[in-house]
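Engineer: Quick one: the structure is below, questions incoming.
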Amino acid sequence: MSKTLFDKIWDAHVVKSVEGGQDVLYIDRHFIHEVTSPQAFDGLRQRNIPVFRTKNTVATADHNVPTLNQHLPINDPLGRFQVEKLTENCNEFGVDLYGLGHRWQGIVHVIGPELGITQPGMTIVCGDSHTSTHGAFGTIAFGIGTSQVEQVLASQCLLLKRPKRMRITVDGELAGGVVSKDIILYIISKLSAAGGTGYFVEYAGSAIRSLSMEARMTICNMSIEMGARGGLIAPDDTTFEYVRGREFAPQGADFEAAVAKWRTLFSDPDAVFDKEYHYKAEDIAPMVTYGTNPGMGIPVTASVPTAPAEGDSVASFEKSLGYMGFTPGEQILGKKISHVFIGSCTNSRIEDLRLAAKFVQGKQKAPHVSAMIVPGSKQVEAQAKAEGLDKIFTAAGFEFREPGCSACLGMNEDKVPAGEYCVSTSNRNFEGRQGPGARTILASPLTAVAAAVAGEIVDVRNN
Amino acid sequence: MFEIIDVIKKMEKFTHIVSTAVPLPIEDVDTDQIIPARFLKATTREGFGKNLFCDWRYNADGSPKSDFVLNNPTYSGKILVAGKNFGCGSSREHAAWALTDYGFKVVVSSFFADIFRGNALNNGLLPVQVSPAFLHEMFTAIEADPQTKFIVSLEHQTIAIPGTEREEQFDIDPFRKVCMLNGYDDIDFLLSLKDEIEQFEQGKEVLNEKAVA
Ligand code: SF4
């Protein structure tokens with residue numbers, strides 16, 4: 001029988017099916033971090049049970065870490081306590097931790113792939129919605145709540161209902177200045193912030209196939225922003241070459257054997273999807289958001305809509321524009337901005353930094369803009385330094401920080417002040433996401449870096 | 001060494017609720033609004049209720065915003081009624097903890113984000129998905145009389161607007177329903193499958209031989 005890629009992987013992980021349509025799904029890899037795990041470890045303690053499979057579990061500290069002076073104790077006592085708690089829990093339960101100070105520390109969705117822990121055909125979970133990132137390798141990867149973190153720690157399994165399948169095909173060639181972040185912002189603007197709810201998405205088509213692993217991760221990362229549980233891309237030679245030789249990847253003959261199996265991971269030609277969408281790469285322009293959810297995106301040359309999208313209420317639309325300080329019909333090009341954030345699990349990989357550095361080389365940021373580059377991991381940071389990218393950024397007036405989630409979520413010290421505009425390569429423009437009152441405009445690293453130089457929103461195709 | 005002991009944080013049993021409701025007619029309420037990230041530094045599940053909807057509820061100086069519904073004494077109750085796509089965004093279970101800690105037992109919306117729905121069910125908070133028309137009628141009923149007491153029966157999977165003939169059936173996964181009615185959580189069930197899980201691990205075609213550690 002023909003199967004989708006999703007079903008092939010899911011079926012291979014069902015321990016048993018329970019009456020009423022739930023499956024007990026085996027989880028190959030479980031990533032944990034300081035914010036969503038302490039209550040789960042407490043639960044294990046209360047039950048007096050161990051972590052069932054420590055070898056399938058990896059921890060890092062990312063959400064709450066400072067991006068300056070990481071060698072010093074964390075200033076904020078609550079944040080420090082949470083990070084220390086993670087260390088204690090990992091020690092007590094025997095879980096490997098790549099925490100602050102470790103050469104592999106970084107944003108959980110950056111380090112999994114770069115260490116080769118993420119491999120095709122796996123099931124991967126983490127108490128973080130952007131776990132969907134790992135789907136770029138042809139895995140079923142999705143975010144879970146803390147009760148489920150506890151379940152996985154206790155049993156390496158989850159009780160789940162199989163989601164429906166959606167395929168989004170993007171064919172054709174991207175225009176210059178248009179990158180993978182624009183593809184996903186475009187797709188979400190078409191489907192809305194809820195359009196994928198109940199589905200697991202497979203991204204396909206020639207435009208997707210031509211992307212690097214970094215660019216594919218950016219796409220899968222934001223699957224959750226249209227409500228989908230996750231997104232995945234069939235693995236191919238690009239995937240295998242990325243995984244080859246990495247720390248935890250199979251080596252030598254084992255690797256070749258693994259690749260032979262990974263080559264069976266694709267949707268059969270006549271596999272049936274519950275929903276399909278087709279887009280043309282040529283139709284995609286550099287994208288920016290104007291509102292307070294990631295579905296509120298427009299081409300950078302367009303103006304702010306004058307009415308809510310179909311099915312949305314006028315009240316919510318007006319509340320959103322009011323928060324952003326935009327008026328209906330206003331041009332977004334030329335909008336003055338004061339902050340630029342290049343980082344987060346969406347766009348903090350070496351390729352993103354190279355792209356930004358190439359653009360700013362020999363240029364200067366606008367005087368009124370504060371611009372921050374936050375690499376996704378210690379390894380990305382080291383690579384960027386080895387290539388001299390940090391020097392290019394600092395010469396252009398950017399700050400080059402240490403790795404972490406940083407200004408993506410307004411939890412650590414890095415926040416955008418109330419009322420100010422920030423062009424951000426992160427994934428969420430919710431009210432207050434980057435700090436109370438902060439106004440976030442989501443964009444690609446290229447659009448972000450161009451905005452930093454111009455001091456306003458510009459079309460990178462003309463810069 | 002792997003024993004199931006019976007002292008566990010069992011959820012409260014849920015059968016039915018009769019309560020007034022708090023209206024929040026806003027769409028796409030994301031979990032960053034329900035509980036902003038800066039409050040996620042706690043390492044226990046308690047105490048999130050005071051920061052529920054913090055940035056909508058309080059001014060920067062900590063004083064309550066008079067125009068936010070939780071600060072309006074006219075509205076109270078164990079039911080929150082919200083616009084579509086409630087709970088989108090971050091997977092933080094803290095959102096469910098904040099709602100239950102505040103005192104909500106039921107959230108009604110015409111559409112829920114997946115992860116939030118699961119988190120709510122894992123914490124004894126019932127997500128009731130109704131049709132857009134019924135949601136509208138609930139808002140109208142609350143507006144007409146904030147003392148309107150809605151009747152939610154998990155057993156019959158119904159929600160009713162008193163004083164009208166209006167009643168709607170809602171869906172809930174049969175397994176989840178049994179868990180909520182009895183106060184079970186998934187973990188007890190999963191722990192009881194230990195032998196089957198180990199068997200599965202042995203029979204599993206190992207695609208990825210090398211473990212992390
Ligand atoms: S970078 Fe942002 S979205 Fe990604 S894991 Fe960290 S907080 Fe979440």
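Letters A, B, ... go to the chains of the structure tokens in the order shown; residues in each chain start at 1; ligands are counted from 1 in the same order.
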Could you give me, as JSON lines, every chain A residue with an atom at most 8 Å from ligand 1, plus its closest atom pair and distance in Å to one decimal, counting only C-alpha atoms and all ligand atoms, rows ordered by chain then number?
Structural biologist:
{"residue": "A:Asp62", "atom": "CA", "partner": "ligand 1", "partner_atom_place_in_ligand_line": "6 (Fe)", "distance": 6.6}
{"residue": "A:His63", "atom": "CA", "partner": "ligand 1", "partner_atom_place_in_ligand_line": "6 (Fe)", "distance": 5.4}
{"residue": "A:Ile107", "atom": "CA", "partner": "ligand 1", "partner_atom_place_in_ligand_line": "6 (Fe)", "distance": 6.0}
{"residue": "A:Val108", "atom": "CA", "partner": "ligand 1", "partner_atom_place_in_ligand_line": "5 (S)", "distance": 6.5}
{"residue": "A:His109", "atom": "CA", "partner": "ligand 1", "partner_atom_place_in_ligand_line": "5 (S)", "distance": 6.6}
{"residue": "A:Asp128", "atom": "CA", "partner": "ligand 1", "partner_atom_place_in_ligand_line": "5 (S)", "distance": 6.3}
{"residue": "A:Ser129", "atom": "CA", "partner": "ligand 1", "partner_atom_place_in_ligand_line": "8 (Fe)", "distance": 7.2}
{"residue": "A:His130", "atom": "CA", "partner": "ligand 1", "partner_atom_place_in_ligand_line": "3 (S)", "distance": 5.9}
{"residue": "A:Thr131", "atom": "CA", "partner": "ligand 1", "partner_atom_place_in_ligand_line": "5 (S)", "distance": 7.9}
{"residue": "A:Gly343", "atom": "CA", "partner": "ligand 1", "partner_atom_place_in_ligand_line": "1 (S)", "distance": 7.2}
{"residue": "A:Ser344", "atom": "CA", "partner": "ligand 1", "partner_atom_place_in_ligand_line": "1 (S)", "distance": 3.6}
{"residue": "A:Cys345", "atom": "CA", "partner": "ligand 1", "partner_atom_place_in_ligand_line": "4 (Fe)", "distance": 4.1}
{"residue": "A:Thr346", "atom": "CA", "partner": "ligand 1", "partner_atom_place_in_ligand_line": "4 (Fe)", "distance": 6.6}
{"residue": "A:Gly376", "atom": "CA", "partner": "ligand 1", "partner_atom_place_in_ligand_line": "1 (S)", "distance": 7.9}
{"residue": "A:Gly404", "atom": "CA", "partner": "ligand 1", "partner_atom_place_in_ligand_line": "6 (Fe)", "distance": 7.0}
{"residue": "A:Cys405", "atom": "CA", "partner": "ligand 1", "partner_atom_place_in_ligand_line": "1 (S)", "distance": 4.0}
{"residue": "A:Ser406", "atom": "CA", "partner": "ligand 1", "partner_atom_place_in_ligand_line": "1 (S)", "distance": 7.0}
{"residue": "A:Ala407", "atom": "CA", "partner": "ligand 1", "partner_atom_place_in_ligand_line": "2 (Fe)", "distance": 7.8}
{"residue": "A:Cys408", "atom": "CA", "partner": "ligand 1", "partner_atom_place_in_ligand_line": "2 (Fe)", "distance": 4.5}
{"residue": "A:Leu409", "atom": "CA", "partner": "ligand 1", "partner_atom_place_in_ligand_line": "7 (S)", "distance": 5.1}
{"residue": "A:Ser426", "atom": "CA", "partner": "ligand 1", "partner_atom_place_in_ligand_line": "2 (Fe)", "distance": 6.5}
{"residue": "A:Asn427", "atom": "CA", "partner": "ligand 1", "partner_atom_place_in_ligand_line": "3 (S)", "distance": 6.2}
{"residue": "A:Arg428", "atom": "CA", "partner": "ligand 1", "partner_atom_place_in_ligand_line": "3 (S)", "distance": 7.5}
Engineer: Which neighbours of segment 146-151 of chain B fall inside 9 Å, counting only C-alpha atoms, when residues of the same chain fewer than 3 positions from it are skipped, and could you give them as a PyMOL selection string?
Structural biologist: chain B and resi 16-22+74-77+79+138+141-143+158-163
Engineer: Give me the residues near segment 193-198 of chain A as a PyMOL selection string, where near means some atom within 6 Å (using only C-alpha atoms) and where sequence neighbours in that chain fewer than 5 positions away do not count.
Structural biologist: chain A and resi 163+225-228+295
Engineer: Output N, CA and C atoms for every residue in the selection just made, as a tab-separated table (two decimals), in the first residue's frame.
Structural biologist:
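Final output, saved to selection_4.tsv:
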chain	number	residue	atom	x	y	z
A	163	PRO	N	-2.01	12.61	13.53
A	163	PRO	CA	-2.55	13.81	12.87
A	163	PRO	C	-2.89	13.51	11.40
A	225	GLU	N	3.83	27.73	13.34
A	225	GLU	CA	3.21	29.07	13.25
A	225	GLU	C	1.97	29.08	12.37
A	226	MET	N	1.72	27.99	11.66
A	226	MET	CA	0.41	27.88	11.00
A	226	MET	C	-0.43	26.84	11.73
A	227	GLY	N	-0.02	26.50	12.92
A	227	GLY	CA	-0.81	25.60	13.75
A	227	GLY	C	-0.48	24.13	13.57
A	228	ALA	N	0.34	23.79	12.56
A	228	ALA	CA	0.66	22.38	12.30
A	228	ALA	C	1.47	21.81	13.45
A	295	GLY	N	0.86	34.78	10.77
A	295	GLY	CA	0.05	34.69	9.55
A	295	GLY	C	-0.16	36.06	8.92
Engineer: Mind the document's chain letters and residue numbers, and return as a ChimeraX atom specification the residues of segment 5-200 of chain B that DSSP labels helix (DSSP H, G or I).
Structural biologist: /B:31-34,37-39,48-51,54-57,69-71,94-102,114-121,132-144,174-182,186-191,194-200
Engineer: Have a look at A:Gly145, A:Pro299, A:Gly388, A:Gly101 and name the one nearest to chain B; count only C-alpha atoms.
Structural biologist: A:Gly145
Engineer: Would you give me, as a PyMOL selection string, the residues of chain A that come within 6 Å of chain B, using only C-alpha atoms?
Structural biologist: chain A and resi 15+20+38-39+49+55+78-79+128-129+145-146+151+316+411
Engineer: If you run DSSP on this backbone, which residues of segment 132-345 of chain A come out as strand (DSSP E or B), and could you give them as a PDB file with N, CA and C atoms, in the first residue's frame?
Structural biologist:
ATOM      1  N   ILE A 140       9.874  12.770  12.298  1.00  0.00           N
ATOM      2  CA  ILE A 140       8.648  13.262  12.925  1.00  0.00           C
ATOM      3  C   ILE A 140       9.084  13.939  14.207  1.00  0.00           C
ATOM      4  N   ALA A 141       9.066  15.257  14.200  1.00  0.00           N
ATOM      5  CA  ALA A 141       9.572  16.022  15.338  1.00  0.00           C
ATOM      6  C   ALA A 141       8.531  17.061  15.715  1.00  0.00           C
ATOM      7  N   PHE A 142       8.204  17.114  17.000  1.00  0.00           N
ATOM      8  CA  PHE A 142       7.168  18.067  17.396  1.00  0.00           C
ATOM      9  C   PHE A 142       7.311  18.457  18.861  1.00  0.00           C
ATOM     10  N   GLY A 143       6.712  19.583  19.201  1.00  0.00           N
ATOM     11  CA  GLY A 143       6.790  20.114  20.550  1.00  0.00           C
ATOM     12  C   GLY A 143       5.746  19.488  21.453  1.00  0.00           C
ATOM     13  N   CYS A 157       7.802   7.054  25.669  1.00  0.00           N
ATOM     14  CA  CYS A 157       6.648   6.977  24.767  1.00  0.00           C
ATOM     15  C   CYS A 157       5.667   8.104  25.038  1.00  0.00           C
ATOM     16  N   LEU A 158       4.794   8.318  24.076  1.00  0.00           N
ATOM     17  CA  LEU A 158       3.694   9.268  24.214  1.00  0.00           C
ATOM     18  C   LEU A 158       2.432   8.613  23.686  1.00  0.00           C
ATOM     19  N   LEU A 159       1.332   9.031  24.244  1.00  0.00           N
ATOM     20  CA  LEU A 159       0.046   8.544  23.783  1.00  0.00           C
ATOM     21  C   LEU A 159      -0.538   9.613  22.870  1.00  0.00           C
ATOM     22  N   LEU A 160      -0.714   9.300  21.594  1.00  0.00           N
ATOM     23  CA  LEU A 160      -1.073  10.344  20.630  1.00  0.00           C
ATOM     24  C   LEU A 160      -2.066   9.838  19.615  1.00  0.00           C
ATOM     25  N   LYS A 161      -2.795  10.786  19.094  1.00  0.00           N
ATOM     26  CA  LYS A 161      -3.664  10.503  17.975  1.00  0.00           C
ATOM     27  C   LYS A 161      -2.900  10.894  16.723  1.00  0.00           C
ATOM     28  N   LYS A 164      -3.575  14.450  10.774  1.00  0.00           N
ATOM     29  CA  LYS A 164      -3.844  14.320   9.337  1.00  0.00           C
ATOM     30  C   LYS A 164      -2.598  14.759   8.568  1.00  0.00           C
ATOM     31  N   ARG A 165      -2.581  14.430   7.270  1.00  0.00           N
ATOM     32  CA  ARG A 165      -1.391  14.754   6.477  1.00  0.00           C
ATOM     33  C   ARG A 165      -1.691  15.845   5.473  1.00  0.00           C
ATOM     34  N   MET A 166      -0.764  16.774   5.408  1.00  0.00           N
ATOM     35  CA  MET A 166      -0.866  17.857   4.437  1.00  0.00           C
ATOM     36  C   MET A 166       0.429  17.879   3.641  1.00  0.00           C
ATOM     37  N   ARG A 167       0.327  18.190   2.339  1.00  0.00           N
ATOM     38  CA  ARG A 167       1.556  18.398   1.573  1.00  0.00           C
ATOM     39  C   ARG A 167       1.520  19.787   0.970  1.00  0.00           C
ATOM     40  N   ILE A 168       2.625  20.480   1.123  1.00  0.00           N
ATOM     41  CA  ILE A 168       2.764  21.808   0.526  1.00  0.00           C
ATOM     42  C   ILE A 168       3.910  21.725  -0.469  1.00  0.00           C
ATOM     43  N   THR A 169       3.594  21.944  -1.727  1.00  0.00           N
ATOM     44  CA  THR A 169       4.594  21.818  -2.775  1.00  0.00           C
ATOM     45  C   THR A 169       4.963  23.208  -3.288  1.00  0.00           C
ATOM     46  N   VAL A 170       6.245  23.497  -3.292  1.00  0.00           N
ATOM     47  CA  VAL A 170       6.707  24.764  -3.851  1.00  0.00           C
ATOM     48  C   VAL A 170       7.668  24.435  -4.990  1.00  0.00           C
ATOM     49  N   ASP A 171       7.248  24.738  -6.180  1.00  0.00           N
ATOM     50  CA  ASP A 171       8.087  24.464  -7.350  1.00  0.00           C
ATOM     51  C   ASP A 171       8.654  25.755  -7.915  1.00  0.00           C
ATOM     52  N   TYR A 199      -2.792  19.019  11.430  1.00  0.00           N
ATOM     53  CA  TYR A 199      -2.028  18.381  10.352  1.00  0.00           C
ATOM     54  C   TYR A 199      -0.547  18.262  10.681  1.00  0.00           C
ATOM     55  N   PHE A 200       0.073  17.311  10.005  1.00  0.00           N
ATOM     56  CA  PHE A 200       1.525  17.251   9.932  1.00  0.00           C
ATOM     57  C   PHE A 200       1.853  17.518   8.462  1.00  0.00           C
ATOM     58  N   VAL A 201       2.763  18.436   8.210  1.00  0.00           N
ATOM     59  CA  VAL A 201       2.993  18.914   6.852  1.00  0.00           C
ATOM     60  C   VAL A 201       4.230  18.278   6.242  1.00  0.00           C
ATOM     61  N   GLU A 202       4.140  17.858   4.996  1.00  0.00           N
ATOM     62  CA  GLU A 202       5.349  17.533   4.244  1.00  0.00           C
ATOM     63  C   GLU A 202       5.584  18.646   3.227  1.00  0.00           C
ATOM     64  N   TYR A 203       6.785  19.189   3.216  1.00  0.00           N
ATOM     65  CA  TYR A 203       7.153  20.196   2.225  1.00  0.00           C
ATOM     66  C   TYR A 203       7.844  19.485   1.073  1.00  0.00           C
ATOM     67  N   ALA A 204       7.419  19.797  -0.143  1.00  0.00           N
ATOM     68  CA  ALA A 204       7.977  19.119  -1.306  1.00  0.00           C
ATOM     69  C   ALA A 204       8.105  20.111  -2.450  1.00  0.00           C
ATOM     70  N   GLY A 230       3.843  19.684  13.065  1.00  0.00           N
ATOM     71  CA  GLY A 230       5.225  19.688  12.620  1.00  0.00           C
ATOM     72  C   GLY A 230       5.269  19.703  11.113  1.00  0.00           C
ATOM     73  N   GLY A 231       6.489  19.766  10.587  1.00  0.00           N
ATOM     74  CA  GLY A 231       6.660  19.715   9.145  1.00  0.00           C
ATOM     75  C   GLY A 231       7.886  18.878   8.852  1.00  0.00           C
ATOM     76  N   LEU A 232       7.875  18.174   7.735  1.00  0.00           N
ATOM     77  CA  LEU A 232       9.063  17.392   7.410  1.00  0.00           C
ATOM     78  C   LEU A 232       9.349  17.426   5.915  1.00  0.00           C
ATOM     79  N   LYS A 275      -4.803  16.990   2.610  1.00  0.00           N
ATOM     80  CA  LYS A 275      -4.890  18.327   2.035  1.00  0.00           C
ATOM     81  C   LYS A 275      -3.614  18.611   1.264  1.00  0.00           C
ATOM     82  N   GLU A 276      -3.731  19.299   0.139  1.00  0.00           N
ATOM     83  CA  GLU A 276      -2.541  19.654  -0.656  1.00  0.00           C
ATOM     84  C   GLU A 276      -2.594  21.121  -1.069  1.00  0.00           C
ATOM     85  N   TYR A 277      -1.456  21.764  -1.049  1.00  0.00           N
ATOM     86  CA  TYR A 277      -1.347  23.139  -1.556  1.00  0.00           C
ATOM     87  C   TYR A 277      -0.147  23.207  -2.491  1.00  0.00           C
ATOM     88  N   HIS A 278      -0.265  24.030  -3.522  1.00  0.00           N
ATOM     89  CA  HIS A 278       0.831  24.213  -4.470  1.00  0.00           C
ATOM     90  C   HIS A 278       1.147  25.697  -4.607  1.00  0.00           C
ATOM     91  N   TYR A 279       2.418  26.024  -4.550  1.00  0.00           N
ATOM     92  CA  TYR A 279       2.830  27.417  -4.746  1.00  0.00           C
ATOM     93  C   TYR A 279       3.981  27.475  -5.734  1.00  0.00           C
ATOM     94  N   LYS A 280       4.153  28.674  -6.319  1.00  0.00           N
ATOM     95  CA  LYS A 280       5.267  28.881  -7.257  1.00  0.00           C
ATOM     96  C   LYS A 280       6.318  29.763  -6.606  1.00  0.00           C
ATOM     97  N   MET A 287       9.447  38.919   2.428  1.00  0.00           N
ATOM     98  CA  MET A 287       8.224  39.067   3.230  1.00  0.00           C
ATOM     99  C   MET A 287       8.518  39.769   4.556  1.00  0.00           C
ATOM    100  N   VAL A 288       7.520  40.494   5.046  1.00  0.00           N
ATOM    101  CA  VAL A 288       7.579  41.049   6.397  1.00  0.00           C
ATOM    102  C   VAL A 288       6.207  40.872   7.036  1.00  0.00           C
ATOM    103  N   THR A 289       6.152  40.890   8.360  1.00  0.00           N
ATOM    104  CA  THR A 289       4.842  40.845   9.021  1.00  0.00           C
ATOM    105  C   THR A 289       4.470  42.255   9.479  1.00  0.00           C
ATOM    106  N   GLY A 297       1.454  38.338   7.292  1.00  0.00           N
ATOM    107  CA  GLY A 297       2.640  38.678   6.520  1.00  0.00           C
ATOM    108  C   GLY A 297       2.264  39.220   5.151  1.00  0.00           C
ATOM    109  N   ILE A 298       3.101  40.101   4.620  1.00  0.00           N
ATOM    110  CA  ILE A 298       2.881  40.670   3.280  1.00  0.00           C
ATOM    111  C   ILE A 298       4.231  40.817   2.573  1.00  0.00           C
ATOM    112  N   PRO A 299       4.209  40.893   1.238  1.00  0.00           N
ATOM    113  CA  PRO A 299       5.451  41.222   0.543  1.00  0.00           C
ATOM    114  C   PRO A 299       5.904  42.607   1.006  1.00  0.00           C
ATOM    115  N   SER A 303       1.200  47.164   0.928  1.00  0.00           N
ATOM    116  CA  SER A 303       0.813  47.990   2.056  1.00  0.00           C
ATOM    117  C   SER A 303      -0.008  47.174   3.051  1.00  0.00           C
ATOM    118  N   GLN A 331       2.049  52.102   3.781  1.00  0.00           N
ATOM    119  CA  GLN A 331       3.208  51.443   3.150  1.00  0.00           C
ATOM    120  C   GLN A 331       4.155  50.955   4.240  1.00  0.00           C
ATOM    121  N   LYS A 336      10.441  53.457   9.722  1.00  0.00           N
ATOM    122  CA  LYS A 336      11.641  53.577  10.541  1.00  0.00           C
ATOM    123  C   LYS A 336      11.660  52.524  11.647  1.00  0.00           C
ATOM    124  N   HIS A 339      15.489  48.579  16.139  1.00  0.00           N
ATOM    125  CA  HIS A 339      16.188  47.368  16.592  1.00  0.00           C
ATOM    126  C   HIS A 339      16.216  46.327  15.481  1.00  0.00           C
ATOM    127  N   VAL A 340      17.323  45.597  15.449  1.00  0.00           N
ATOM    128  CA  VAL A 340      17.406  44.463  14.534  1.00  0.00           C
ATOM    129  C   VAL A 340      17.975  43.293  15.319  1.00  0.00           C
ATOM    130  N   PHE A 341      17.263  42.161  15.231  1.00  0.00           N
ATOM    131  CA  PHE A 341      17.712  40.960  15.941  1.00  0.00           C
ATOM    132  C   PHE A 341      17.895  39.833  14.929  1.00  0.00           C
ATOM    133  N   ILE A 342      19.141  39.384  14.801  1.00  0.00           N
ATOM    134  CA  ILE A 342      19.403  38.234  13.930  1.00  0.00           C
ATOM    135  C   ILE A 342      19.823  37.085  14.831  1.00  0.00           C
TER     136      ILE A 342
END
Engineer: Can you list, as a ChimeraX atom specification, every protein, DNA or RNA residue that comes within 8 Å of Thr123 of chain A when you count only C-alpha atoms, leaving out same-chain residues fewer than 6 positions away?
Structural biologist: /A:9-10,13,26-29,139-141
Engineer: When distances are computed from only C-alpha atoms, which of B:Gly203, B:Pro64, B:Pro127, B:Gly47 shows the smallest separation from Met180 of chain B?
Structural biologist: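 Of B:Gly203, B:Pro64, B:Pro127, B:Gly47, the one nearest Met180 of chain B, counting only C-alpha atoms, is B:Pro127.
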Engineer: When you draw a straight line from atom CA of Glu34 of chain A to atom CA of Asp76 of chain A, how long is it in Å?
Structural biologist: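 Taking atom CA of Glu34 of chain A as the start and atom CA of Asp76 of chain A as the end point, the length is 14.4 Å.
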Engineer: Name the residues in contact with segment 237-253 of chain A at a cut-off of 12 Å, using only C-alpha atoms, excluding same-chain residues fewer than 2 positions from it; report them as a PyMOL selection string.
Structural biologist: (chain A and resi 55-56+58+104+111-121+134-139+208-217+233-235+255-263+265) or (chain B and resi 206-213)
Engineer: Atom CA of Val83 of chain A and atom CA of Glu402 of chain A are how many Å apart?
Structural biologist: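 Atom-to-atom, atom CA of Val83 of chain A to atom CA of Glu402 of chain A, that is 16.3 Å.
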Engineer: What is the atom CA of Glu282 of chain A to atom CA of Pro445 of chain A distance in Å?
Structural biologist: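 Answer for the atom CA of Glu282 of chain A to atom CA of Pro445 of chain A separation: 19.6 Å.
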